[in-house]
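Structure file data22.pdb with PDB, C-alpha atoms:
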```
MODEL        1
ATOM      1  CA  MET A   4      53.085 -40.338   4.061
ATOM      2  CA  PRO A   5      54.615 -37.187   2.581
ATOM      3  CA  ALA A   6      52.500 -34.039   2.385
ATOM      4  CA  MET A   7      51.105 -33.342  -1.053
ATOM      5  CA  PRO A   8      52.824 -30.450  -2.848
ATOM      6  CA  ALA A   9      50.858 -27.278  -3.518
ATOM      7  CA  THR A  10      50.108 -28.332  -7.072
ATOM      8  CA  GLY A  11      48.970 -31.779  -5.909
ATOM      9  CA  GLY A  12      45.310 -30.868  -5.234
ATOM     10  CA  PRO A  13      44.287 -29.477  -8.636
ATOM     11  CA  LEU A  14      46.440 -32.051 -10.419
ATOM     12  CA  MET A  15      44.764 -34.872  -8.507
ATOM     13  CA  ILE A  16      41.337 -33.547  -9.451
ATOM     14  CA  LEU A  17      42.387 -33.232 -13.083
ATOM     15  CA  SER A  18      43.815 -36.753 -12.964
ATOM     16  CA  SER A  19      40.496 -38.084 -11.649
ATOM     17  CA  VAL A  20      38.536 -36.295 -14.371
ATOM     18  CA  VAL A  21      40.853 -37.654 -17.062
ATOM     19  CA  ALA A  22      40.613 -41.156 -15.529
ATOM     20  CA  LEU A  23      36.810 -40.933 -15.647
ATOM     21  CA  ALA A  24      36.891 -39.824 -19.280
ATOM     22  CA  GLY A  25      39.267 -42.667 -20.143
ATOM     23  CA  PHE A  26      37.026 -45.187 -18.397
ATOM     24  CA  ILE A  27      33.883 -44.025 -20.210
ATOM     25  CA  LEU A  28      35.607 -44.060 -23.587
ATOM     26  CA  TRP A  29      36.994 -47.537 -22.889
ATOM     27  CA  ILE A  30      33.517 -48.833 -22.049
ATOM     28  CA  ILE A  31      32.084 -47.374 -25.290
ATOM     29  CA  VAL A  32      34.731 -49.066 -27.438
ATOM     30  CA  LEU A  33      34.486 -52.248 -25.350
ATOM     31  CA  VAL A  34      30.768 -52.485 -26.078
ATOM     32  CA  LYS A  35      31.564 -52.143 -29.799
ATOM     33  CA  GLN A  36      34.183 -54.842 -29.421
ATOM     34  CA  PHE A  37      31.691 -57.233 -27.832
ATOM     35  CA  GLN A  38      29.134 -56.489 -30.549
ATOM     36  CA  GLU A  39      31.398 -56.614 -33.604
ATOM     37  CA  GLY A  40      34.329 -58.744 -32.529
ATOM     38  CA  GLY A  41      32.608 -61.303 -30.366
ATOM     39  CA  ALA A  42      32.584 -62.030 -26.664
ATOM     40  CA  LEU A  43      36.088 -63.533 -26.522
ATOM     41  CA  HIS A  44      37.653 -60.379 -27.890
ATOM     42  CA  GLY A  45      35.651 -58.341 -25.424
ATOM     43  CA  VAL A  46      36.812 -60.510 -22.525
ATOM     44  CA  LEU A  47      40.393 -60.188 -23.761
ATOM     45  CA  GLY A  48      39.884 -56.426 -23.862
ATOM     46  CA  ILE A  49      38.811 -56.475 -20.193
ATOM     47  CA  ILE A  50      41.632 -58.769 -19.067
ATOM     48  CA  THR A  51      44.302 -56.687 -20.793
ATOM     49  CA  CYS A  52      43.024 -53.563 -18.971
ATOM     50  CA  GLY A  53      41.896 -52.028 -22.232
ATOM     51  CA  ILE A  54      45.131 -52.428 -24.199
ATOM     52  CA  TRP A  55      43.612 -54.965 -26.617
ATOM     53  CA  THR A  56      40.478 -52.815 -26.859
ATOM     54  CA  LEU A  57      42.632 -49.861 -27.923
ATOM     55  CA  ILE A  58      44.526 -51.911 -30.514
ATOM     56  CA  TRP A  59      41.351 -53.570 -31.816
ATOM     57  CA  GLY A  60      39.587 -50.231 -31.965
ATOM     58  CA  TRP A  61      42.316 -48.713 -34.108
ATOM     59  CA  ILE A  62      42.418 -51.737 -36.432
ATOM     60  CA  HIS A  63      38.690 -51.435 -37.113
ATOM     61  CA  ALA A  64      38.250 -47.677 -36.618
ATOM     62  CA  SER A  65      37.445 -46.873 -40.230
ATOM     63  CA  GLU A  66      35.025 -49.788 -40.742
ATOM     64  CA  LEU A  67      33.126 -49.056 -37.553
ATOM     65  CA  GLY A  68      33.238 -45.292 -38.029
ATOM     66  CA  ILE A  69      34.838 -44.697 -34.644
ATOM     67  CA  THR A  70      38.008 -42.953 -35.794
ATOM     68  CA  ASN A  71      37.150 -39.736 -33.950
ATOM     69  CA  LEU A  72      36.275 -41.696 -30.820
ATOM     70  CA  MET A  73      39.600 -43.513 -30.965
ATOM     71  CA  LEU A  74      41.460 -40.241 -31.492
ATOM     72  CA  ILE A  75      39.816 -38.732 -28.415
ATOM     73  CA  TRP A  76      40.467 -41.857 -26.329
ATOM     74  CA  THR A  77      44.116 -41.944 -27.388
ATOM     75  CA  ALA A  78      44.495 -38.260 -26.500
ATOM     76  CA  VAL A  79      42.960 -38.949 -23.072
ATOM     77  CA  ILE A  80      45.397 -41.837 -22.541
ATOM     78  CA  VAL A  81      48.342 -39.612 -23.428
ATOM     79  CA  CYS A  82      47.042 -36.977 -20.969
ATOM     80  CA  GLN A  83      46.793 -39.674 -18.302
ATOM     81  CA  LEU A  84      50.363 -40.771 -18.903
ATOM     82  CA  VAL A  85      51.627 -37.184 -18.720
ATOM     83  CA  LEU A  86      49.631 -36.471 -15.555
ATOM     84  CA  ASN A  87      50.848 -39.686 -13.949
ATOM     85  CA  GLY A  88      54.402 -38.685 -14.720
ATOM     86  CA  VAL A  89      53.945 -35.180 -13.299
ATOM     87  CA  LEU A  90      52.210 -36.478 -10.164
ATOM     88  CA  TYR A  91      54.865 -39.130  -9.650
ATOM     89  CA  SER A  92      57.727 -36.644  -9.954
ATOM     90  CA  SER A  93      56.056 -34.121  -7.653
ATOM     91  CA  MET A  94      55.431 -36.792  -5.025
ATOM     92  CA  MET A  95      59.042 -37.922  -5.252
ATOM     93  CA  GLN A  96      60.188 -34.320  -4.819
ATOM     94  CA  ALA A  97      57.971 -33.941  -1.762
ATOM     95  CA  MET A  98      59.406 -37.149  -0.294
ATOM     96  CA  MET A  99      62.960 -35.955  -0.898
ATOM     97  CA  GLN A 100      62.229 -32.631   0.794
ATOM     98  CA  GLN A 101      60.814 -34.339   3.863
ATOM     99  CA  MET A 102      63.741 -36.704   4.305
ATOM    100  CA  PRO A 103      65.940 -35.783   7.300
ATOM    101  CA  VAL A 104      69.291 -34.212   6.424
ATOM    102  CA  THR A 105      72.151 -36.348   7.724
ATOM    103  CA  PRO A 106      75.171 -34.350   9.002
TER     104      PRO A 106
ATOM    105  CA  MET B   9      30.442 -48.723 -48.006
ATOM    106  CA  LYS B  10      27.075 -49.957 -49.198
ATOM    107  CA  GLU B  11      25.720 -53.176 -50.653
ATOM    108  CA  PRO B  12      24.519 -53.044 -54.277
ATOM    109  CA  SER B  13      20.979 -52.821 -52.900
ATOM    110  CA  GLY B  14      21.902 -49.613 -51.086
ATOM    111  CA  GLU B  15      21.824 -51.172 -47.640
ATOM    112  CA  PRO B  16      24.820 -50.437 -45.378
ATOM    113  CA  ARG B  17      27.469 -53.138 -45.675
ATOM    114  CA  LYS B  18      27.310 -55.762 -42.971
ATOM    115  CA  PHE B  19      30.780 -56.669 -41.889
ATOM    116  CA  ARG B  20      31.425 -60.362 -41.855
ATOM    117  CA  SER B  21      34.385 -62.475 -40.917
ATOM    118  CA  GLN B  22      35.666 -65.176 -43.219
ATOM    119  CA  ASP B  23      32.689 -66.229 -45.328
ATOM    120  CA  SER B  24      29.531 -66.486 -43.306
ATOM    121  CA  HIS B  25      30.584 -68.745 -40.509
ATOM    122  CA  CYS B  26      31.031 -65.841 -38.128
ATOM    123  CA  GLU B  27      28.263 -63.619 -39.384
ATOM    124  CA  GLY B  28      28.121 -60.206 -37.829
ATOM    125  CA  MET B  29      31.680 -60.245 -36.524
ATOM    126  CA  LEU B  30      34.702 -58.506 -37.905
ATOM    127  CA  PRO B  31      37.836 -60.468 -38.765
ATOM    128  CA  LEU B  32      40.517 -60.216 -36.128
ATOM    129  CA  TRP B  33      43.216 -58.736 -38.249
ATOM    130  CA  LYS B  34      42.666 -57.301 -41.668
ATOM    131  CA  GLY B  35      45.739 -55.197 -42.014
ATOM    132  CA  LYS B  36      45.825 -52.367 -44.511
ATOM    133  CA  LEU B  37      43.571 -53.274 -47.368
ATOM    134  CA  SER B  38      43.590 -51.555 -50.719
ATOM    135  CA  PRO B  39      40.163 -50.297 -51.859
ATOM    136  CA  GLU B  40      39.980 -53.183 -54.358
ATOM    137  CA  LYS B  41      40.793 -55.768 -51.732
ATOM    138  CA  ARG B  42      38.387 -54.171 -49.286
ATOM    139  CA  GLU B  43      35.607 -54.538 -51.845
ATOM    140  CA  SER B  44      36.306 -58.245 -52.092
ATOM    141  CA  LEU B  45      35.862 -58.755 -48.360
ATOM    142  CA  ASP B  46      32.950 -61.102 -48.959
ATOM    143  CA  SER B  47      35.172 -63.586 -50.739
ATOM    144  CA  ASP B  48      38.078 -65.579 -49.327
ATOM    145  CA  GLN B  49      40.565 -62.736 -49.785
ATOM    146  CA  ASP B  50      40.802 -61.784 -46.197
ATOM    147  CA  ARG B  51      44.247 -61.397 -44.698
ATOM    148  CA  TYR B  52      43.673 -64.244 -42.253
ATOM    149  CA  GLN B  53      42.950 -67.327 -44.315
ATOM    150  CA  PRO B  54      40.860 -69.710 -42.239
ATOM    151  CA  THR B  55      41.469 -73.435 -42.379
ATOM    152  CA  ASP B  56      38.813 -76.019 -43.130
ATOM    153  CA  ILE B  57      38.250 -76.510 -39.431
ATOM    154  CA  ALA B  58      37.450 -72.849 -38.898
ATOM    155  CA  LEU B  59      35.138 -72.817 -41.908
ATOM    156  CA  SER B  60      33.289 -75.971 -40.956
ATOM    157  CA  THR B  61      32.734 -75.017 -37.332
ATOM    158  CA  LYS B  62      29.675 -72.925 -36.665
ATOM    159  CA  CYS B  63      31.076 -69.842 -35.037
ATOM    160  CA  THR B  64      29.095 -68.355 -32.216
ATOM    161  CA  SER B  65      30.302 -65.731 -29.840
ATOM    162  CA  TRP B  66      31.238 -68.271 -27.195
ATOM    163  CA  ASN B  67      32.551 -71.081 -29.404
ATOM    164  CA  GLY B  68      36.256 -71.941 -29.689
ATOM    165  CA  MET B  69      37.054 -68.968 -31.905
ATOM    166  CA  PRO B  70      40.801 -68.768 -32.454
ATOM    167  CA  ILE B  71      42.421 -65.829 -30.702
ATOM    168  CA  ILE B  72      46.126 -66.699 -30.735
ATOM    169  CA  ALA B  73      46.232 -68.414 -34.147
ATOM    170  CA  PRO B  74      45.610 -65.285 -36.270
ATOM    171  CA  PHE B  75      48.560 -63.515 -34.651
ATOM    172  CA  VAL B  76      50.837 -66.511 -35.070
ATOM    173  CA  SER B  77      49.848 -66.902 -38.733
ATOM    174  CA  ASP B  78      50.414 -63.233 -39.566
ATOM    175  CA  ARG B  79      54.054 -62.299 -39.045
ATOM    176  CA  ARG B  80      53.422 -58.563 -39.210
ATOM    177  CA  ALA B  81      50.720 -58.795 -36.558
ATOM    178  CA  ALA B  82      53.008 -60.958 -34.416
ATOM    179  CA  ARG B  83      55.785 -58.380 -34.651
ATOM    180  CA  ILE B  84      53.505 -55.502 -33.703
ATOM    181  CA  VAL B  85      52.106 -57.355 -30.692
ATOM    182  CA  THR B  86      55.604 -58.453 -29.636
ATOM    183  CA  ALA B  87      56.847 -54.861 -29.843
ATOM    184  CA  ILE B  88      53.934 -53.545 -27.770
ATOM    185  CA  VAL B  89      54.309 -56.223 -25.109
ATOM    186  CA  ALA B  90      58.088 -55.741 -24.970
ATOM    187  CA  LEU B  91      57.627 -51.980 -24.508
ATOM    188  CA  LEU B  92      55.077 -52.549 -21.758
ATOM    189  CA  LEU B  93      57.356 -54.992 -19.918
ATOM    190  CA  LEU B  94      60.339 -52.679 -20.276
ATOM    191  CA  LEU B  95      58.477 -49.669 -18.918
ATOM    192  CA  THR B  96      57.048 -51.683 -16.017
ATOM    193  CA  ALA B  97      60.457 -53.102 -15.144
ATOM    194  CA  SER B  98      62.055 -49.642 -15.185
ATOM    195  CA  GLY B  99      59.336 -48.161 -12.979
ATOM    196  CA  LEU B 100      58.360 -45.511 -15.513
ATOM    197  CA  PRO B 101      54.704 -44.453 -15.922
ATOM    198  CA  VAL B 102      52.971 -47.026 -18.070
ATOM    199  CA  TRP B 103      49.473 -47.807 -19.188
ATOM    200  CA  ARG B 104      47.176 -47.335 -16.237
ATOM    201  CA  CYS B 105      44.212 -49.680 -15.920
ATOM    202  CA  PRO B 106      41.020 -47.592 -16.368
ATOM    203  CA  VAL B 107      39.263 -49.525 -13.588
ATOM    204  CA  HIS B 108      42.118 -49.143 -11.117
ATOM    205  CA  ALA B 109      42.679 -45.497 -12.042
ATOM    206  CA  LEU B 110      39.082 -44.585 -11.336
ATOM    207  CA  PHE B 111      37.901 -46.969  -8.610
ATOM    208  CA  GLY B 112      41.159 -48.002  -6.990
ATOM    209  CA  VAL B 113      40.300 -51.695  -7.325
ATOM    210  CA  PRO B 114      42.056 -54.193  -9.597
ATOM    211  CA  CYS B 115      40.386 -55.332 -12.792
ATOM    212  CA  PRO B 116      40.547 -59.048 -13.775
ATOM    213  CA  GLY B 117      43.814 -58.469 -15.612
ATOM    214  CA  CYS B 118      45.669 -56.316 -13.105
ATOM    215  CA  GLY B 119      48.944 -57.944 -12.115
ATOM    216  CA  LEU B 120      49.495 -59.806 -15.378
ATOM    217  CA  THR B 121      52.413 -57.624 -16.487
ATOM    218  CA  ARG B 122      54.183 -58.002 -13.142
ATOM    219  CA  SER B 123      53.411 -61.727 -13.173
ATOM    220  CA  ILE B 124      55.005 -62.115 -16.621
ATOM    221  CA  LEU B 125      58.029 -60.059 -15.493
ATOM    222  CA  CYS B 126      58.499 -62.391 -12.524
ATOM    223  CA  LEU B 127      58.323 -65.389 -14.833
ATOM    224  CA  LEU B 128      60.989 -63.824 -17.037
ATOM    225  CA  LYS B 129      63.175 -63.507 -13.913
ATOM    226  CA  GLY B 130      62.406 -67.130 -13.053
ATOM    227  CA  ASP B 131      60.416 -66.379  -9.886
ATOM    228  CA  TRP B 132      57.284 -68.440 -10.468
ATOM    229  CA  ARG B 133      56.067 -68.133  -6.859
ATOM    230  CA  GLU B 134      55.925 -64.352  -7.012
ATOM    231  CA  SER B 135      54.429 -64.623 -10.471
ATOM    232  CA  LEU B 136      51.547 -66.677  -9.068
ATOM    233  CA  SER B 137      51.033 -64.171  -6.273
ATOM    234  CA  TYR B 138      50.619 -61.313  -8.745
ATOM    235  CA  HIS B 139      48.288 -63.210 -11.074
ATOM    236  CA  PRO B 140      47.834 -67.012 -11.288
ATOM    237  CA  PHE B 141      47.036 -66.816 -15.001
ATOM    238  CA  GLY B 142      50.280 -65.037 -15.825
ATOM    239  CA  ILE B 143      51.859 -68.261 -17.021
ATOM    240  CA  LEU B 144      49.120 -68.836 -19.608
ATOM    241  CA  PHE B 145      49.536 -65.346 -21.019
ATOM    242  CA  PHE B 146      53.299 -65.837 -20.906
ATOM    243  CA  ILE B 147      52.958 -68.983 -23.042
ATOM    244  CA  ALA B 148      50.629 -67.229 -25.494
ATOM    245  CA  GLY B 149      53.011 -64.276 -25.714
ATOM    246  CA  ALA B 150      55.965 -66.589 -26.234
ATOM    247  CA  LEU B 151      54.185 -68.321 -29.135
ATOM    248  CA  VAL B 152      53.339 -65.006 -30.782
ATOM    249  CA  SER B 153      56.884 -63.691 -30.240
ATOM    250  CA  LEU B 154      58.309 -66.871 -31.724
ATOM    251  CA  ALA B 155      56.108 -66.468 -34.785
ATOM    252  CA  ALA B 156      57.364 -62.895 -35.158
ATOM    253  CA  PHE B 157      60.863 -64.148 -35.926
ATOM    254  CA  LEU B 158      60.223 -67.464 -37.641
ATOM    255  CA  PRO B 159      60.024 -67.754 -41.426
ATOM    256  CA  GLU B 160      56.501 -67.037 -42.640
ATOM    257  CA  LYS B 161      55.820 -70.640 -43.725
ATOM    258  CA  TRP B 162      56.695 -71.960 -40.296
ATOM    259  CA  GLY B 163      54.537 -69.301 -38.668
ATOM    260  CA  LYS B 164      51.549 -70.266 -40.816
ATOM    261  CA  ALA B 165      52.098 -73.959 -40.062
ATOM    262  CA  MET B 166      52.290 -73.170 -36.352
ATOM    263  CA  GLY B 167      49.159 -71.035 -36.705
ATOM    264  CA  ARG B 168      47.237 -73.925 -38.239
ATOM    265  CA  VAL B 169      48.194 -76.228 -35.372
ATOM    266  CA  ILE B 170      47.269 -73.632 -32.755
ATOM    267  CA  GLU B 171      44.008 -72.893 -34.545
ATOM    268  CA  LYS B 172      43.124 -76.576 -34.533
ATOM    269  CA  VAL B 173      43.804 -76.788 -30.804
ATOM    270  CA  GLU B 174      41.813 -73.618 -30.098
ATOM    271  CA  MET B 175      38.832 -74.590 -32.209
ATOM    272  CA  GLN B 176      38.601 -78.185 -31.023
ATOM    273  CA  THR B 177      39.383 -77.767 -27.343
ATOM    274  CA  GLY B 178      38.115 -74.252 -26.680
ATOM    275  CA  LEU B 179      41.231 -73.802 -24.552
ATOM    276  CA  THR B 180      41.514 -70.067 -25.168
ATOM    277  CA  MET B 181      37.892 -69.533 -24.298
ATOM    278  CA  ILE B 182      38.234 -71.565 -21.080
ATOM    279  CA  ALA B 183      41.404 -69.703 -20.092
ATOM    280  CA  LEU B 184      39.916 -66.265 -20.754
ATOM    281  CA  LEU B 185      36.685 -66.982 -18.923
ATOM    282  CA  SER B 186      38.567 -68.510 -15.993
ATOM    283  CA  ALA B 187      40.786 -65.432 -15.778
ATOM    284  CA  LEU B 188      37.678 -63.246 -15.831
ATOM    285  CA  LEU B 189      36.075 -65.337 -13.091
ATOM    286  CA  PHE B 190      39.252 -65.137 -11.006
ATOM    287  CA  GLY B 191      39.228 -61.355 -11.381
ATOM    288  CA  VAL B 192      35.649 -61.103 -10.163
ATOM    289  CA  LEU B 193      36.325 -63.405  -7.201
ATOM    290  CA  ARG B 194      39.454 -61.424  -6.325
ATOM    291  CA  LEU B 195      37.400 -58.265  -6.302
ATOM    292  CA  LEU B 196      34.602 -59.734  -4.206
ATOM    293  CA  PHE B 197      36.662 -61.655  -1.677
ATOM    294  CA  SER B 198      39.968 -59.713  -1.759
ATOM    295  CA  ILE B 199      41.964 -62.854  -2.556
TER     296      ILE B 199
ENDMDL
END
```
Once more with this new file: its structure as structure tokens, please.
Amino acid sequence: MPAMPATGGPLMILSSVVALAGFILWIIVLVKQFQEGGALHGVLGIITCGIWTLIWGWIHASELGITNLMLIWTAVIVCQLVLNGVLYSSMMQAMMQQMPVTP
Amino acid sequence: MKEPSGEPRKFRSQDSHCEGMLPLWKGKLSPEKRESLDSDQDRYQPTDIALSTKCTSWNGMPIIAPFVSDRRAARIVTAIVALLLLLTASGLPVWRCPVHALFGVPCPGCGLTRSILCLLKGDWRESLSYHPFGILFFIAGALVSLAAFLPEKWGKAMGRVIEKVEMQTGLTMIALLSALLFGVLRLLFSI
């Protein structure tokens, strides 16, 4: 297992915080989905790992008055994607640095 | 929006057969059309079967049929799924499951994208190992993708057939609940 780069620690903590925020926001919209859309849509939202919940939430954002909530959740998702990308590239760099140099 | 009596508007699906639930797909409604939501002017026109069946939360409510009937919805879903599959296949960062990201355990749907990718490559064994319900979602996705490119009349006709099957057999409900049950069992017993 390659050693984590120097920026890995704070980035990992930030990634966990963002993941927690994303999870909480997903649950809030999922509850709305169960209440307003019915149980089948809620189950589909769970099975699709929140993708259908995100789409459904945006379709009905104005009627349910959750536009701000959806904006925040979408921003959190974008942050997660960016952080995942940064963490992935830094781990790959660390792996490359630790590979033995062949003569 | 408020009712004439001043009470907040209660959102209802097509007529009153699914009282308290929003329609699946309304699309962009003009203010005039939005006001007529109580009448049969909704984007998704239900068939007689949907209207005559008492709709409860756990009844055979159509899930796939509205997407197949609405070509624009079918195209949007097809584009999203295609993007997801492409990103997963290329190994780029994609949508991360909130459950897996936080707890490190798979949710009931984790593995579906990889399962569908394996099916697209023709490897059904590996597809089953990732998620046994991948084939069902693959079939549903294929129907929606087909409707995205068919003429609108054909899509609506296909939607009516699929709606009939969904409402009368409850197949979608059974499949979704089974997938959910599988996910819970996988989590509990590390299948």
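Using all atoms listed in the file, the protein and nucleic acid residues lying no more than 12 Å from Val81 in chain A, apart from those fewer than 5 places from it along its own chain, are Ser18, Val21, Ala22, Gly25, Leu74, Ile75, Trp76, Leu86, Asn87 and Gly88 of chain A; Pro101, Val102, Trp103 and Arg104 of chain B.
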Any chance you could work out the residue set of the PyMOL selection byres ((chain B and resi 84) around 12) here, as a VMD selection string? (chain A and resid 58) or (chain B and resid 33 35 75 to 76 78 to 83 85 to 91 149 152 to 153 155 to 157)
Please determine the contact residues of chain A with respect to chain B at a cut-off of 9 Å, counting only C-alpha atoms, and supply them as a PyMOL selection string. chain A and resi 18-20+22-23+25-27+29+37-44+46-47+49-54+59+62-63+66+80+83-85+87-88+91
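Atom pair CA of Met99 in chain A / CA of Gly12 in chain A: separated by 18.9 Å.
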What gap, in Å, lies between CA of Gly130 in chain B and CA of Ile143 in chain B? 11.3 Å
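Across the structure, CA of Pro159 in chain B and CA of Ser77 in chain B are spaced 10.6 Å apart.
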